[in-house]
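Source file: entry34.txt. Holds: compact mmCIF, C-alpha atoms.
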```txt
# COMPACT_ATOMS: atom_id res chain seq x y z
CA ALA U 1 44.03 -32.33 27.29
CA ASP U 2 43.40 -31.38 23.64
CA THR U 3 39.65 -31.21 24.23
CA LEU U 4 40.11 -29.07 27.34
CA THR U 5 42.44 -26.72 25.45
CA GLN U 6 39.91 -26.42 22.61
CA VAL U 7 37.03 -25.72 24.99
CA THR U 8 39.11 -23.11 26.85
CA GLU U 9 39.96 -21.38 23.56
CA GLU U 10 36.31 -21.45 22.48
CA VAL U 11 35.16 -19.94 25.79
CA LYS U 12 37.78 -17.20 25.44
CA GLU U 13 36.58 -16.44 21.90
CA LEU U 14 32.95 -16.51 23.03
CA LEU U 15 33.74 -13.92 25.70
CA GLU U 16 35.64 -11.75 23.21
CA SER U 17 32.81 -11.99 20.69
CA ALA U 18 30.32 -10.83 23.31
CA ASP U 19 32.27 -7.58 23.80
CA GLY U 20 29.82 -4.85 22.88
CA ASN U 21 32.37 -2.37 21.50
CA PRO U 22 34.14 -3.93 18.54
CA ASP U 23 36.63 -1.88 16.53
CA LEU U 24 35.41 -2.65 13.01
CA GLU U 25 37.56 -1.95 9.98
CA PRO U 26 37.91 -3.28 6.42
CA LYS U 27 39.10 -6.89 6.36
CA ASN U 28 40.13 -8.72 3.18
CA LEU U 29 37.62 -11.57 3.18
CA ALA U 30 39.15 -13.27 0.14
CA ARG U 31 42.49 -13.58 1.95
CA ILE U 32 40.83 -14.73 5.19
CA LEU U 33 38.91 -17.46 3.37
CA GLU U 34 41.99 -18.59 1.46
CA ASP U 35 43.97 -18.84 4.72
CA GLU U 36 41.22 -20.83 6.43
CA LEU U 37 40.91 -23.15 3.42
CA LEU U 38 44.67 -23.80 3.49
CA LYS U 39 44.41 -24.69 7.19
CA LEU U 40 41.50 -27.02 6.39
CA GLN U 41 43.49 -28.70 3.61
CA ASP U 42 46.49 -29.12 5.96
CA SER U 43 44.37 -30.68 8.70
CA SER U 44 42.42 -32.99 6.39
CA ALA U 45 44.38 -34.01 3.31
CA SER U 46 41.44 -36.00 1.92
CA VAL U 47 39.13 -32.98 1.64
CA GLU U 48 38.29 -31.68 -1.84
CA ILE U 49 37.83 -27.91 -1.92
CA GLU U 50 35.94 -25.94 -4.56
CA THR U 51 35.93 -22.14 -4.53
CA ALA U 52 34.49 -19.14 -6.30
CA ILE U 53 35.99 -16.23 -4.36
CA PRO U 54 36.55 -12.89 -6.11
CA ASP U 55 39.75 -11.00 -5.24
CA GLY U 56 39.67 -7.92 -3.05
CA VAL U 57 36.35 -8.54 -1.31
CA GLU U 58 36.34 -6.62 1.98
CA VAL U 59 33.92 -6.73 4.89
CA ARG U 60 33.53 -4.57 7.99
CA ALA U 61 34.84 -6.70 10.86
CA ASP U 62 37.65 -7.17 13.37
CA ALA U 63 40.40 -9.72 13.96
CA LEU U 64 37.94 -12.41 15.10
CA VAL U 65 36.13 -12.64 11.74
CA HIS U 66 38.22 -15.63 10.66
CA ARG U 67 36.57 -17.71 13.43
CA ILE U 68 33.23 -17.57 11.63
CA PHE U 69 34.72 -19.38 8.69
CA SER U 70 37.14 -21.66 10.54
CA ASN U 71 34.25 -23.03 12.61
CA LEU U 72 31.96 -23.57 9.61
CA LEU U 73 34.72 -25.12 7.48
CA GLU U 74 35.93 -27.41 10.29
CA ASN U 75 32.34 -28.57 10.89
CA ALA U 76 31.88 -29.28 7.17
CA VAL U 77 34.69 -31.85 7.37
CA LYS U 78 34.43 -33.00 11.00
CA HIS U 79 30.78 -34.06 10.63
CA ASN U 80 31.20 -35.44 7.11
CA ASP U 81 31.03 -39.19 6.61
CA ALA U 82 31.75 -39.19 2.87
CA GLU U 83 34.82 -41.08 1.63
CA THR U 84 36.04 -37.81 0.14
CA PRO U 85 34.61 -34.79 1.95
CA VAL U 86 33.84 -31.96 -0.48
CA VAL U 87 33.59 -28.37 0.72
CA SER U 88 32.48 -25.60 -1.62
CA VAL U 89 32.90 -21.91 -0.80
CA THR U 90 31.17 -19.32 -2.96
CA VAL U 91 31.31 -15.56 -2.39
CA THR U 92 28.91 -13.09 -4.00
CA GLN U 93 28.51 -9.35 -3.48
CA SER U 94 25.72 -6.85 -3.64
CA GLU U 95 26.05 -3.10 -3.23
CA GLU U 96 25.78 -3.42 0.56
CA THR U 97 26.68 -6.99 1.51
CA VAL U 98 28.99 -9.91 0.91
CA THR U 99 27.45 -13.38 1.02
CA VAL U 100 29.53 -16.48 1.71
CA ARG U 101 27.95 -19.85 0.98
CA ILE U 102 29.68 -22.90 2.50
CA ALA U 103 28.36 -26.22 1.22
CA ASP U 104 29.42 -29.77 2.02
CA ASN U 105 28.54 -33.29 0.90
CA GLY U 106 28.02 -34.67 4.41
CA PRO U 107 24.98 -36.46 5.83
CA GLY U 108 23.07 -33.27 6.65
CA ILE U 109 21.96 -32.09 10.05
CA PRO U 110 19.32 -34.27 11.73
CA GLU U 111 15.99 -32.55 12.24
CA HIS U 112 16.19 -32.90 16.04
CA SER U 113 19.50 -30.98 16.01
CA ARG U 114 18.35 -28.06 13.86
CA GLU U 115 16.35 -26.26 16.53
CA GLY U 116 18.75 -24.25 18.63
CA LEU U 117 21.61 -25.03 16.25
CA PHE U 118 23.33 -21.72 17.03
CA GLN U 119 22.66 -21.83 20.78
CA ARG U 120 25.26 -22.77 23.35
CA THR U 121 25.16 -26.30 24.73
CA THR U 122 22.65 -26.85 27.49
CA ARG U 123 21.08 -29.90 29.02
CA GLU U 124 18.30 -29.55 26.45
CA THR U 125 20.75 -29.21 23.50
CA PRO U 126 23.68 -31.44 24.48
CA ASN U 127 24.77 -32.17 20.88
CA HIS U 128 25.98 -28.66 20.12
CA GLY U 129 29.34 -27.19 21.01
CA LEU U 130 30.34 -23.58 21.24
CA GLY U 131 31.49 -23.27 17.61
CA LEU U 132 28.16 -22.32 16.06
CA SER U 133 27.35 -20.05 19.00
CA ILE U 134 30.57 -18.19 18.29
CA VAL U 135 29.67 -18.05 14.59
CA GLN U 136 26.33 -16.43 15.37
CA LEU U 137 27.70 -14.01 17.98
CA LEU U 138 30.45 -12.83 15.66
CA THR U 139 28.13 -12.50 12.69
CA GLU U 140 25.75 -10.37 14.76
CA ARG U 141 28.72 -8.38 16.09
CA TYR U 142 29.39 -7.31 12.48
CA ASP U 143 25.71 -6.54 11.76
CA GLY U 144 25.46 -9.65 9.62
CA GLN U 145 23.52 -12.87 9.72
CA VAL U 146 24.13 -16.60 9.43
CA GLU U 147 21.72 -19.38 8.68
CA LEU U 148 21.50 -23.01 7.76
CA THR U 149 19.97 -22.56 4.30
CA GLU U 150 19.88 -26.20 3.17
CA THR U 151 20.39 -29.60 4.73
CA GLY U 152 19.65 -33.15 3.77
CA PRO U 153 21.28 -36.49 2.98
CA GLU U 154 23.44 -34.85 0.31
CA GLY U 155 24.90 -32.19 2.55
CA SER U 156 24.34 -28.86 4.19
CA VAL U 157 24.74 -25.23 3.21
CA PHE U 158 25.45 -22.43 5.64
CA THR U 159 25.11 -18.86 4.40
CA VAL U 160 26.86 -15.91 6.05
CA GLU U 161 26.00 -12.36 5.05
CA LEU U 162 28.23 -9.50 6.20
CA PRO U 163 28.27 -5.76 5.40
CA ARG U 164 30.72 -4.73 2.70
CA ALA U 165 33.48 -2.46 3.92
CA ASP U 166 32.71 -0.01 1.11
CA ALA U 167 28.91 -0.13 1.45
CA PRO U 168 27.24 3.26 0.84
CA ASP U 169 26.22 3.81 4.50
CA VAL U 170 29.60 2.86 5.99
```
Whole structure, structure tokens version:
Amino acid sequence: ADTLTQVTEEVKELLESADGNPDLEPKNLARILEDELLKLQDSSASVEIETAIPDGVEVRADALVHRIFSNLLENAVKHNDAETPVVSVTVTQSEETVTVRIADNGPGIPEHSREGLFQRTTRETPNHGLGLSIVQLLTERYDGQVELTETGPEGSVFTVELPRADAPDV
């Protein structure tokens, strides 16, 4: 029942994220990340969290933006086989963008799973759920990008880049 509920919620979010007319406004990314990290800590008491998140960082997004980070943070712990999972979140800014780097100390992503990592599950890619598909759809919805920037036996790093709310062309 829990799995069915989760899948239903993910499908609902996938459909919402595919909506072509989002109402984008400034969202406090620092607060969103802090909230998602608290949820992660509550769900997995053994996780060690490291952060470098400046106050007041805002991105152009909508109410679904938190799902980008909840999915990536949950995956960093869920697929982590370390005795003490470590998740590191670092936020940097440029004049036009905000970059969020989420690193973990897990086993890395196997090479055969990397191709199509952000695609929805199909018969050809049965090991992927909807979470990373939602991450990519939402990131694109906000004119941003997401990528797996590092992976190996010492962990993985996902990087999300989103437009700043106060970017010059906004």
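When the distance limit is 12 Å and only C-alpha atoms are what count, the residues near Gln41 in chain U, minus those fewer than 4 positions from it on the same chain, are Glu34, Asp35, Glu36, Leu37, Ala45, Ser46, Val47, Glu48, Ile49, Glu50, Ser70, Leu73, Glu74, Val77, Pro85, Val86 and Val87 of chain U.
The two atoms in question, CA of His66 in chain U and CA of Pro168 in chain U, are spaced 24.0 Å apart.
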Using 12 Å as the limit and counting all atoms listed in the file, can you tabulate each residue of range 35-117 of chain U that touches range 129-151 of chain U, with its shortest atom-to-atom distance in Å and the two atoms involved, as JSON lines?
```
{"residue": "U:Val59", "atom": "CA", "partner": "U:Tyr142", "partner_atom": "CA", "distance": 8.9}
{"residue": "U:Arg60", "atom": "CA", "partner": "U:Tyr142", "partner_atom": "CA", "distance": 6.7}
{"residue": "U:Ala61", "atom": "CA", "partner": "U:Tyr142", "partner_atom": "CA", "distance": 5.7}
{"residue": "U:Asp62", "atom": "CA", "partner": "U:Tyr142", "partner_atom": "CA", "distance": 8.3}
{"residue": "U:Ala63", "atom": "CA", "partner": "U:Leu138", "partner_atom": "CA", "distance": 10.6}
{"residue": "U:Leu64", "atom": "CA", "partner": "U:Leu138", "partner_atom": "CA", "distance": 7.5}
{"residue": "U:Val65", "atom": "CA", "partner": "U:Leu138", "partner_atom": "CA", "distance": 6.9}
{"residue": "U:His66", "atom": "CA", "partner": "U:Leu138", "partner_atom": "CA", "distance": 9.7}
{"residue": "U:Arg67", "atom": "CA", "partner": "U:Val135", "partner_atom": "CA", "distance": 7.0}
{"residue": "U:Ile68", "atom": "CA", "partner": "U:Val135", "partner_atom": "CA", "distance": 4.7}
{"residue": "U:Phe69", "atom": "CA", "partner": "U:Val135", "partner_atom": "CA", "distance": 7.9}
{"residue": "U:Ser70", "atom": "CA", "partner": "U:Gly131", "partner_atom": "CA", "distance": 9.2}
{"residue": "U:Asn71", "atom": "CA", "partner": "U:Gly131", "partner_atom": "CA", "distance": 5.7}
{"residue": "U:Leu72", "atom": "CA", "partner": "U:Leu132", "partner_atom": "CA", "distance": 7.6}
{"residue": "U:Leu73", "atom": "CA", "partner": "U:Gly131", "partner_atom": "CA", "distance": 10.8}
{"residue": "U:Glu74", "atom": "CA", "partner": "U:Gly131", "partner_atom": "CA", "distance": 9.5}
{"residue": "U:Asn75", "atom": "CA", "partner": "U:Gly131", "partner_atom": "CA", "distance": 8.6}
{"residue": "U:Ala76", "atom": "CA", "partner": "U:Thr151", "partner_atom": "CA", "distance": 11.8}
{"residue": "U:Glu96", "atom": "CA", "partner": "U:Gly144", "partner_atom": "CA", "distance": 11.0}
{"residue": "U:Thr97", "atom": "CA", "partner": "U:Gly144", "partner_atom": "CA", "distance": 8.6}
{"residue": "U:Val98", "atom": "CA", "partner": "U:Gly144", "partner_atom": "CA", "distance": 9.4}
{"residue": "U:Thr99", "atom": "CA", "partner": "U:Gln145", "partner_atom": "CA", "distance": 9.6}
{"residue": "U:Val100", "atom": "CA", "partner": "U:Val146", "partner_atom": "CA", "distance": 9.4}
{"residue": "U:Arg101", "atom": "CA", "partner": "U:Thr149", "partner_atom": "CA", "distance": 9.1}
{"residue": "U:Ile102", "atom": "CA", "partner": "U:Leu148", "partner_atom": "CA", "distance": 9.7}
{"residue": "U:Ala103", "atom": "CA", "partner": "U:Glu150", "partner_atom": "CA", "distance": 8.7}
{"residue": "U:Asp104", "atom": "CA", "partner": "U:Thr151", "partner_atom": "CA", "distance": 9.4}
{"residue": "U:Asn105", "atom": "CA", "partner": "U:Thr151", "partner_atom": "CA", "distance": 9.7}
{"residue": "U:Gly106", "atom": "CA", "partner": "U:Thr151", "partner_atom": "CA", "distance": 9.2}
{"residue": "U:Pro107", "atom": "CA", "partner": "U:Thr151", "partner_atom": "CA", "distance": 8.3}
{"residue": "U:Gly108", "atom": "CA", "partner": "U:Thr151", "partner_atom": "CA", "distance": 4.9}
{"residue": "U:Ile109", "atom": "CA", "partner": "U:Thr151", "partner_atom": "CA", "distance": 6.1}
{"residue": "U:Pro110", "atom": "CA", "partner": "U:Thr151", "partner_atom": "CA", "distance": 8.5}
{"residue": "U:Glu111", "atom": "CA", "partner": "U:Thr151", "partner_atom": "CA", "distance": 9.2}
{"residue": "U:Ser113", "atom": "CA", "partner": "U:Thr151", "partner_atom": "CA", "distance": 11.4}
{"residue": "U:Arg114", "atom": "CA", "partner": "U:Leu148", "partner_atom": "CA", "distance": 8.5}
{"residue": "U:Glu115", "atom": "CA", "partner": "U:Leu148", "partner_atom": "CA", "distance": 10.7}
{"residue": "U:Gly116", "atom": "CA", "partner": "U:Ser133", "partner_atom": "CA", "distance": 9.6}
{"residue": "U:Leu117", "atom": "CA", "partner": "U:Leu132", "partner_atom": "CA", "distance": 7.1}
```
*Tell me, in Å to one decimal, how far CA of Glu161 in chain U is from CA of Val89 in chain U.*
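For CA of Glu161 in chain U relative to CA of Val89 in chain U, the distance reads 13.2 Å.
Nearest-residue note for Ser94 in chain U: choosing from U:Pro26, U:Gly152, U:Pro163, U:Pro54, the minimum distance belongs to U:Pro163, counting all atoms listed in the file.
Proximity of U:Glu58, U:Thr90, U:Glu95, U:Lys39 to Val157 in chain U, computed with only C-alpha atoms, is greatest for U:Thr90.
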*asked:* One number please: CA of Phe118 in chain U to CA of His79 in chain U, in Å, one decimal.
replied: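 So the two atoms, CA of Phe118 in chain U and CA of His79 in chain U, lie 15.8 Å apart.
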*Hey, which of U:Leu162, U:Glu25, U:Gly155, U:Ala30 ends up closest to Ala52 in chain U? Count all atoms listed in the file.*
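Once distances to Ala52 in chain U are computed over all atoms listed in the file, the minimum belongs to U:Ala30.
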*Rank nothing, just name the residue among U:His112, U:Leu29, U:Ser88, U:Glu83 nearest to Thr51 in chain U, using all atoms listed in the file.*
U:Ser88
